[in-house]
file entry.pdb (PDB, C-alpha atoms, pLDDT in the B column)
ATOM      1  CA  MET Q   6      -7.191   0.679 -17.959  1.00 69.00           C
ATOM      2  CA  PRO Q   7      -6.537   2.170 -14.520  1.00 90.00           C
ATOM      3  CA  LEU Q   8      -3.280   0.229 -14.023  1.00 95.00           C
ATOM      4  CA  VAL Q   9      -0.555   1.531 -16.327  1.00 96.00           C
ATOM      5  CA  ILE Q  10       2.787  -0.272 -16.218  1.00 97.00           C
ATOM      6  CA  ASP Q  11       5.894   1.423 -17.562  1.00 96.00           C
ATOM      7  CA  GLY Q  12       9.071  -0.513 -16.830  1.00 97.00           C
ATOM      8  CA  SER Q  13       9.450  -0.786 -13.058  1.00 97.00           C
ATOM      9  CA  LEU Q  14       6.679   1.762 -12.377  1.00 97.00           C
ATOM     10  CA  ALA Q  15       3.003   0.885 -12.016  1.00 97.00           C
ATOM     11  CA  ARG Q  16       0.681   3.899 -11.962  1.00 97.00           C
ATOM     12  CA  ILE Q  17      -2.896   3.526 -10.797  1.00 96.00           C
ATOM     13  CA  GLU Q  18      -5.067   6.124 -12.511  1.00 95.00           C
ATOM     14  CA  GLY Q  19      -8.635   6.809 -11.476  1.00 94.00           C
ATOM     15  CA  ALA Q  20     -10.546   3.889  -9.996  1.00 95.00           C
ATOM     16  CA  ALA Q  21      -8.723   0.580  -9.593  1.00 95.00           C
ATOM     17  CA  ARG Q  22     -11.162  -2.315  -9.941  1.00 96.00           C
ATOM     18  CA  VAL Q  23     -10.876  -5.830  -8.578  1.00 96.00           C
ATOM     19  CA  ASP Q  24      -9.401  -7.172 -11.845  1.00 95.00           C
ATOM     20  CA  GLU Q  25      -6.354  -4.902 -11.423  1.00 96.00           C
ATOM     21  CA  ALA Q  26      -5.325  -6.825  -8.288  1.00 97.00           C
ATOM     22  CA  GLU Q  27      -4.101  -9.872 -10.216  1.00 97.00           C
ATOM     23  CA  THR Q  28      -2.161  -7.724 -12.688  1.00 97.00           C
ATOM     24  CA  LEU Q  29      -0.604  -5.785  -9.816  1.00 98.00           C
ATOM     25  CA  VAL Q  30       0.478  -9.005  -8.081  1.00 98.00           C
ATOM     26  CA  SER Q  31       2.086 -10.226 -11.292  1.00 98.00           C
ATOM     27  CA  PHE Q  32       3.891  -6.899 -11.719  1.00 98.00           C
ATOM     28  CA  LEU Q  33       5.152  -6.914  -8.119  1.00 97.00           C
ATOM     29  CA  GLU Q  34       6.351 -10.522  -8.311  1.00 98.00           C
ATOM     30  CA  THR Q  35       8.152 -10.226 -11.649  1.00 97.00           C
ATOM     31  CA  THR Q  36       9.680  -6.735 -11.466  1.00 97.00           C
ATOM     32  CA  ALA Q  37      12.971  -5.921  -9.811  1.00 96.00           C
ATOM     33  CA  ASP Q  38      12.528  -2.949  -7.457  1.00 94.00           C
ATOM     34  CA  PRO Q  39       8.912  -2.195  -8.388  1.00 96.00           C
ATOM     35  CA  VAL Q  40       7.478   1.244  -7.628  1.00 96.00           C
ATOM     36  CA  VAL Q  41       3.779   2.104  -7.466  1.00 96.00           C
ATOM     37  CA  ASP Q  42       2.431   5.600  -8.107  1.00 96.00           C
ATOM     38  CA  LEU Q  43      -0.887   6.246  -6.381  1.00 95.00           C
ATOM     39  CA  GLY Q  44      -0.966   9.983  -7.146  1.00 94.00           C
ATOM     40  CA  PRO Q  45      -3.718   9.897  -9.786  1.00 94.00           C
ATOM     41  CA  THR Q  46      -5.784   7.293  -7.886  1.00 94.00           C
ATOM     42  CA  ASN Q  47      -9.239   8.248  -6.651  1.00 93.00           C
ATOM     43  CA  HIS Q  48     -10.558   4.795  -5.685  1.00 94.00           C
ATOM     44  CA  LEU Q  49      -8.976   1.442  -4.793  1.00 95.00           C
ATOM     45  CA  HIS Q  50     -10.916  -1.796  -4.693  1.00 96.00           C
ATOM     46  CA  THR Q  51     -10.142  -3.543  -1.411  1.00 96.00           C
ATOM     47  CA  ALA Q  52      -8.417  -6.364  -3.329  1.00 97.00           C
ATOM     48  CA  VAL Q  53      -5.920  -3.849  -4.750  1.00 97.00           C
ATOM     49  CA  LEU Q  54      -5.435  -2.345  -1.294  1.00 96.00           C
ATOM     50  CA  GLN Q  55      -4.768  -5.807   0.134  1.00 96.00           C
ATOM     51  CA  VAL Q  56      -2.097  -6.405  -2.525  1.00 96.00           C
ATOM     52  CA  LEU Q  57      -0.414  -3.106  -1.620  1.00 95.00           C
ATOM     53  CA  MET Q  58      -0.561  -3.940   2.089  1.00 94.00           C
ATOM     54  CA  ALA Q  59       0.805  -7.457   1.555  1.00 94.00           C
ATOM     55  CA  TYR Q  60       3.655  -6.593  -0.823  1.00 95.00           C
ATOM     56  CA  ARG Q  61       4.519  -3.135   0.554  1.00 93.00           C
ATOM     57  CA  PRO Q  62       6.111  -1.855  -2.678  1.00 95.00           C
ATOM     58  CA  ALA Q  63       7.968   1.435  -2.779  1.00 94.00           C
ATOM     59  CA  LEU Q  64       5.504   4.235  -3.483  1.00 94.00           C
ATOM     60  CA  ALA Q  65       6.295   7.096  -5.848  1.00 93.00           C
ATOM     61  CA  THR Q  66       3.415   9.199  -4.490  1.00 92.00           C
ATOM     62  CA  LEU Q  67       0.356   8.775  -2.320  1.00 92.00           C
ATOM     63  CA  PRO Q  68      -3.073   9.716  -3.704  1.00 93.00           C
ATOM     64  CA  GLU Q  69      -3.765  13.381  -4.390  1.00 91.00           C
ATOM     65  CA  ASP Q  70      -7.416  12.863  -3.438  1.00 91.00           C
ATOM     66  CA  PRO Q  71      -7.588  14.124   0.183  1.00 91.00           C
ATOM     67  CA  VAL Q  72     -10.225  11.634   1.346  1.00 91.00           C
ATOM     68  CA  LEU Q  73      -8.417   8.629  -0.099  1.00 91.00           C
ATOM     69  CA  LEU Q  74      -5.116   9.960   1.223  1.00 90.00           C
ATOM     70  CA  ALA Q  75      -6.561  10.228   4.737  1.00 90.00           C
ATOM     71  CA  LEU Q  76      -7.782   6.640   4.543  1.00 90.00           C
ATOM     72  CA  LEU Q  77      -4.615   5.155   3.042  1.00 91.00           C
ATOM     73  CA  ARG Q  78      -1.920   7.005   4.953  1.00 89.00           C
ATOM     74  CA  PRO Q  79      -2.417   4.962   8.159  1.00 89.00           C
ATOM     75  CA  LEU Q  80      -2.431   1.728   6.149  1.00 89.00           C
ATOM     76  CA  LEU Q  81       0.425   2.374   3.737  1.00 86.00           C
ATOM     77  CA  GLY Q  82       2.539   4.774   5.785  1.00 74.00           C
ATOM     78  CA  GLU Q  83       3.571   8.373   5.879  1.00 56.00           C
ATOM     79  CA  ALA Q  84       5.474  10.045   3.079  1.00 47.00           C
ATOM     80  CA  GLY Q  85       9.040   8.851   3.432  1.00 41.00           C
ATOM     81  CA  PRO Q  86      12.200   8.584   1.354  1.00 41.00           C
ATOM     82  CA  GLU Q  87      10.685   5.884  -0.839  1.00 49.00           C
ATOM     83  CA  LEU Q  88       7.977   8.320  -1.933  1.00 49.00           C
ATOM     84  CA  ASN Q  89      10.553  10.651  -3.422  1.00 42.00           C
ATOM     85  CA  ARG Q  90      12.441   7.947  -5.261  1.00 43.00           C
ATOM     86  CA  ALA Q  91      12.582   8.500  -8.992  1.00 41.00           C
ATOM     87  CA  ALA Q  92      11.160   5.643 -11.008  1.00 39.00           C
TER      88      ALA Q  92
END

call {"tool": "encode", "arguments": {"input": "entry.pdb", "output": "structure tokens"}}
result
Amino acid sequence: MPLVIDGSLARIEGAARVDEAETLVSFLETTADPVVDLGPTNHLHTAVLQVLMAYRPALATLPEDPVLLALLRPLLGEAGPELNRAA
């Protein structure tokens, strides 16, 4: 499964499909101080992207994939202090 939840950290690995959006919403709504790691992500379904844009969780890392990074950086923000926060 591309969405791996470990405590207050949700890591999206590989390609996140539409069915991960509902799980991500549940995680973000029920977790105190949730953090999302997009580092190992290489594809986000637009539903997952919409969840990230709506909830604006702290991000551990942005995607390593340069194309996805270029597309997401304007939507989710530049690397800031929240990206360096330990989960």

call {"tool": "atom_distance", "arguments": {"input": "entry.pdb", "atom1": "CA of Arg61 in chain Q", "atom2": "CA of Leu81 in chain Q"}}
result
7.6 Å

call {"tool": "residues_around", "arguments": {"input": "entry.pdb", "residues": "Ala21 in chain Q", "least_positions_apart": "6", "cutoff": "12 Å", "atoms": "only C-alpha atoms", "output": "VMD selection string"}}
result
chain Q and resid 6 to 9 15 27 to 29 43 45 to 54 56

call {"tool": "closest_residue", "arguments": {"input": "entry.pdb", "among": "Q:Glu18, Q:Val23, Q:Pro79, Q:Pro39", "to": "Met58 in chain Q", "atoms": "all atoms listed in the file"}}
result
Q:Pro79

call {"tool": "closest_residue", "arguments": {"input": "entry.pdb", "among": "Q:Val30, Q:Gly44, Q:Asp38, Q:Gly12", "to": "Pro71 in chain Q", "atoms": "all atoms listed in the file"}}
result
Q:Gly44

call {"tool": "axis_aligned_box", "arguments": {"input": "entry.pdb", "around": "range 25-39 of chain Q", "padding_each_side": "6 Å", "output": "JSON"}}
result
{"center_x": 3.3, "center_y": -6.4, "center_z": -10.1, "size_x": 31.3, "size_y": 20.3, "size_z": 17.2}

call {"tool": "atom_distance", "arguments": {"input": "entry.pdb", "atom1": "CA of Leu67 in chain Q", "atom2": "CA of Val40 in chain Q"}}
result
11.6 Å

call {"tool": "atom_distance", "arguments": {"input": "entry.pdb", "atom1": "CA of Leu73 in chain Q", "atom2": "CA of Ile10 in chain Q"}}
result
21.6 Å

call {"tool": "closest_residue", "arguments": {"input": "entry.pdb", "among": "Q:Leu14, Q:Val41, Q:Leu33, Q:Ala26", "to": "Thr66 in chain Q", "atoms": "all atoms listed in the file"}}
result
Q:Val41

call {"tool": "closest_residue", "arguments": {"input": "entry.pdb", "among": "Q:Ala75, Q:Asp42, Q:Asp70, Q:Leu64", "to": "Arg16 in chain Q", "atoms": "all atoms listed in the file"}}
result
Q:Asp42

call {"tool": "closest_residue", "arguments": {"input": "entry.pdb", "among": "Q:Gln55, Q:Gly82, Q:Thr36, Q:Gly19", "to": "Glu69 in chain Q", "atoms": "all atoms listed in the file"}}
result
Q:Gly19

call {"tool": "closest_residue", "arguments": {"input": "entry.pdb", "among": "Q:Ser13, Q:Leu76, Q:Ala63, Q:Arg22", "to": "Ala37 in chain Q", "atoms": "only C-alpha atoms"}}
result
Q:Ser13

call {"tool": "build_atoms", "arguments": {"input": "entry.pdb", "residues": "range 16-51 of chain Q", "atoms": "N, CA and C atoms", "output": "PDB file, in the coordinates of the input"}}
result
ATOM      1  N   ARG Q  16       1.465   2.723 -12.352  1.00 97.00           N
ATOM      2  CA  ARG Q  16       0.681   3.899 -11.962  1.00 97.00           C
ATOM      3  C   ARG Q  16      -0.790   3.517 -11.981  1.00 97.00           C
ATOM      4  N   ILE Q  17      -1.470   3.800 -10.869  1.00 96.00           N
ATOM      5  CA  ILE Q  17      -2.896   3.526 -10.797  1.00 96.00           C
ATOM      6  C   ILE Q  17      -3.619   4.841 -11.022  1.00 96.00           C
ATOM      7  N   GLU Q  18      -4.365   4.901 -12.120  1.00 95.00           N
ATOM      8  CA  GLU Q  18      -5.067   6.124 -12.511  1.00 95.00           C
ATOM      9  C   GLU Q  18      -6.561   5.939 -12.324  1.00 95.00           C
ATOM     10  N   GLY Q  19      -7.192   6.885 -11.661  1.00 94.00           N
ATOM     11  CA  GLY Q  19      -8.635   6.809 -11.476  1.00 94.00           C
ATOM     12  C   GLY Q  19      -9.021   5.725 -10.498  1.00 94.00           C
ATOM     13  N   ALA Q  20     -10.005   4.925 -10.873  1.00 95.00           N
ATOM     14  CA  ALA Q  20     -10.546   3.889  -9.996  1.00 95.00           C
ATOM     15  C   ALA Q  20      -9.972   2.527 -10.348  1.00 95.00           C
ATOM     16  N   ALA Q  21      -9.279   1.916  -9.392  1.00 95.00           N
ATOM     17  CA  ALA Q  21      -8.723   0.580  -9.593  1.00 95.00           C
ATOM     18  C   ALA Q  21      -9.771  -0.451  -9.206  1.00 95.00           C
ATOM     19  N   ARG Q  22     -10.143  -1.283 -10.153  1.00 96.00           N
ATOM     20  CA  ARG Q  22     -11.162  -2.315  -9.941  1.00 96.00           C
ATOM     21  C   ARG Q  22     -10.514  -3.617  -9.473  1.00 96.00           C
ATOM     22  N   VAL Q  23     -11.341  -4.552  -9.102  1.00 96.00           N
ATOM     23  CA  VAL Q  23     -10.876  -5.830  -8.578  1.00 96.00           C
ATOM     24  C   VAL Q  23      -9.960  -6.544  -9.571  1.00 96.00           C
ATOM     25  N   ASP Q  24     -10.220  -6.449 -10.873  1.00 95.00           N
ATOM     26  CA  ASP Q  24      -9.401  -7.172 -11.845  1.00 95.00           C
ATOM     27  C   ASP Q  24      -7.976  -6.631 -11.943  1.00 95.00           C
ATOM     28  N   GLU Q  25      -7.724  -5.427 -11.431  1.00 96.00           N
ATOM     29  CA  GLU Q  25      -6.354  -4.902 -11.423  1.00 96.00           C
ATOM     30  C   GLU Q  25      -5.483  -5.583 -10.370  1.00 96.00           C
ATOM     31  N   ALA Q  26      -6.087  -6.196  -9.371  1.00 97.00           N
ATOM     32  CA  ALA Q  26      -5.325  -6.825  -8.288  1.00 97.00           C
ATOM     33  C   ALA Q  26      -4.400  -7.927  -8.819  1.00 97.00           C
ATOM     34  N   GLU Q  27      -4.910  -8.772  -9.672  1.00 97.00           N
ATOM     35  CA  GLU Q  27      -4.101  -9.872 -10.216  1.00 97.00           C
ATOM     36  C   GLU Q  27      -2.943  -9.335 -11.061  1.00 97.00           C
ATOM     37  N   THR Q  28      -3.215  -8.330 -11.866  1.00 97.00           N
ATOM     38  CA  THR Q  28      -2.161  -7.724 -12.688  1.00 97.00           C
ATOM     39  C   THR Q  28      -1.106  -7.074 -11.802  1.00 97.00           C
ATOM     40  N   LEU Q  29      -1.550  -6.425 -10.735  1.00 98.00           N
ATOM     41  CA  LEU Q  29      -0.604  -5.785  -9.816  1.00 98.00           C
ATOM     42  C   LEU Q  29       0.273  -6.821  -9.116  1.00 98.00           C
ATOM     43  N   VAL Q  30      -0.305  -7.928  -8.700  1.00 98.00           N
ATOM     44  CA  VAL Q  30       0.478  -9.005  -8.081  1.00 98.00           C
ATOM     45  C   VAL Q  30       1.531  -9.506  -9.059  1.00 98.00           C
ATOM     46  N   SER Q  31       1.136  -9.753 -10.283  1.00 98.00           N
ATOM     47  CA  SER Q  31       2.086 -10.226 -11.292  1.00 98.00           C
ATOM     48  C   SER Q  31       3.217  -9.231 -11.487  1.00 98.00           C
ATOM     49  N   PHE Q  32       2.878  -7.943 -11.578  1.00 98.00           N
ATOM     50  CA  PHE Q  32       3.891  -6.899 -11.719  1.00 98.00           C
ATOM     51  C   PHE Q  32       4.850  -6.910 -10.527  1.00 98.00           C
ATOM     52  N   LEU Q  33       4.316  -6.966  -9.317  1.00 97.00           N
ATOM     53  CA  LEU Q  33       5.152  -6.914  -8.119  1.00 97.00           C
ATOM     54  C   LEU Q  33       6.038  -8.145  -7.980  1.00 97.00           C
ATOM     55  N   GLU Q  34       5.564  -9.289  -8.436  1.00 98.00           N
ATOM     56  CA  GLU Q  34       6.351 -10.522  -8.311  1.00 98.00           C
ATOM     57  C   GLU Q  34       7.399 -10.690  -9.404  1.00 98.00           C
ATOM     58  N   THR Q  35       7.233 -10.010 -10.521  1.00 97.00           N
ATOM     59  CA  THR Q  35       8.152 -10.226 -11.649  1.00 97.00           C
ATOM     60  C   THR Q  35       9.041  -9.025 -11.955  1.00 97.00           C
ATOM     61  N   THR Q  36       8.919  -7.957 -11.191  1.00 97.00           N
ATOM     62  CA  THR Q  36       9.680  -6.735 -11.466  1.00 97.00           C
ATOM     63  C   THR Q  36      10.705  -6.503 -10.374  1.00 97.00           C
ATOM     64  N   ALA Q  37      11.935  -6.271 -10.782  1.00 96.00           N
ATOM     65  CA  ALA Q  37      12.971  -5.921  -9.811  1.00 96.00           C
ATOM     66  C   ALA Q  37      12.739  -4.492  -9.350  1.00 96.00           C
ATOM     67  N   ASP Q  38      12.717  -4.272  -8.056  1.00 94.00           N
ATOM     68  CA  ASP Q  38      12.528  -2.949  -7.457  1.00 94.00           C
ATOM     69  C   ASP Q  38      11.291  -2.229  -8.001  1.00 94.00           C
ATOM     70  N   PRO Q  39      10.124  -2.834  -7.875  1.00 96.00           N
ATOM     71  CA  PRO Q  39       8.912  -2.195  -8.388  1.00 96.00           C
ATOM     72  C   PRO Q  39       8.526  -0.961  -7.575  1.00 96.00           C
ATOM     73  N   VAL Q  40       7.957   0.014  -8.257  1.00 96.00           N
ATOM     74  CA  VAL Q  40       7.478   1.244  -7.628  1.00 96.00           C
ATOM     75  C   VAL Q  40       6.035   1.448  -8.078  1.00 96.00           C
ATOM     76  N   VAL Q  41       5.183   1.857  -7.152  1.00 96.00           N
ATOM     77  CA  VAL Q  41       3.779   2.104  -7.466  1.00 96.00           C
ATOM     78  C   VAL Q  41       3.477   3.578  -7.224  1.00 96.00           C
ATOM     79  N   ASP Q  42       2.838   4.195  -8.194  1.00 96.00           N
ATOM     80  CA  ASP Q  42       2.431   5.600  -8.107  1.00 96.00           C
ATOM     81  C   ASP Q  42       0.928   5.644  -7.880  1.00 96.00           C
ATOM     82  N   LEU Q  43       0.532   6.145  -6.716  1.00 95.00           N
ATOM     83  CA  LEU Q  43      -0.887   6.246  -6.381  1.00 95.00           C
ATOM     84  C   LEU Q  43      -1.406   7.670  -6.551  1.00 95.00           C
ATOM     85  N   GLY Q  44      -0.580   8.581  -7.012  1.00 94.00           N
ATOM     86  CA  GLY Q  44      -0.966   9.983  -7.146  1.00 94.00           C
ATOM     87  C   GLY Q  44      -2.275  10.215  -7.860  1.00 94.00           C
ATOM     88  N   PRO Q  45      -2.480   9.643  -9.051  1.00 94.00           N
ATOM     89  CA  PRO Q  45      -3.718   9.897  -9.786  1.00 94.00           C
ATOM     90  C   PRO Q  45      -4.889   8.986  -9.396  1.00 94.00           C
ATOM     91  N   THR Q  46      -4.747   8.225  -8.315  1.00 94.00           N
ATOM     92  CA  THR Q  46      -5.784   7.293  -7.886  1.00 94.00           C
ATOM     93  C   THR Q  46      -6.889   8.031  -7.140  1.00 94.00           C
ATOM     94  N   ASN Q  47      -8.147   7.678  -7.438  1.00 93.00           N
ATOM     95  CA  ASN Q  47      -9.239   8.248  -6.651  1.00 93.00           C
ATOM     96  C   ASN Q  47     -10.121   7.174  -6.013  1.00 93.00           C
ATOM     97  N   HIS Q  48      -9.825   5.901  -6.294  1.00 94.00           N
ATOM     98  CA  HIS Q  48     -10.558   4.795  -5.685  1.00 94.00           C
ATOM     99  C   HIS Q  48      -9.741   3.514  -5.832  1.00 94.00           C
ATOM    100  N   LEU Q  49      -9.643   2.747  -4.745  1.00 95.00           N
ATOM    101  CA  LEU Q  49      -8.976   1.442  -4.793  1.00 95.00           C
ATOM    102  C   LEU Q  49      -9.956   0.374  -4.332  1.00 95.00           C
ATOM    103  N   HIS Q  50     -10.153  -0.646  -5.152  1.00 96.00           N
ATOM    104  CA  HIS Q  50     -10.916  -1.796  -4.693  1.00 96.00           C
ATOM    105  C   HIS Q  50     -10.139  -2.407  -3.537  1.00 96.00           C
ATOM    106  N   THR Q  51     -10.839  -2.982  -2.572  1.00 96.00           N
ATOM    107  CA  THR Q  51     -10.142  -3.543  -1.411  1.00 96.00           C
ATOM    108  C   THR Q  51      -9.152  -4.644  -1.791  1.00 96.00           C
TER     109      THR Q  51
END
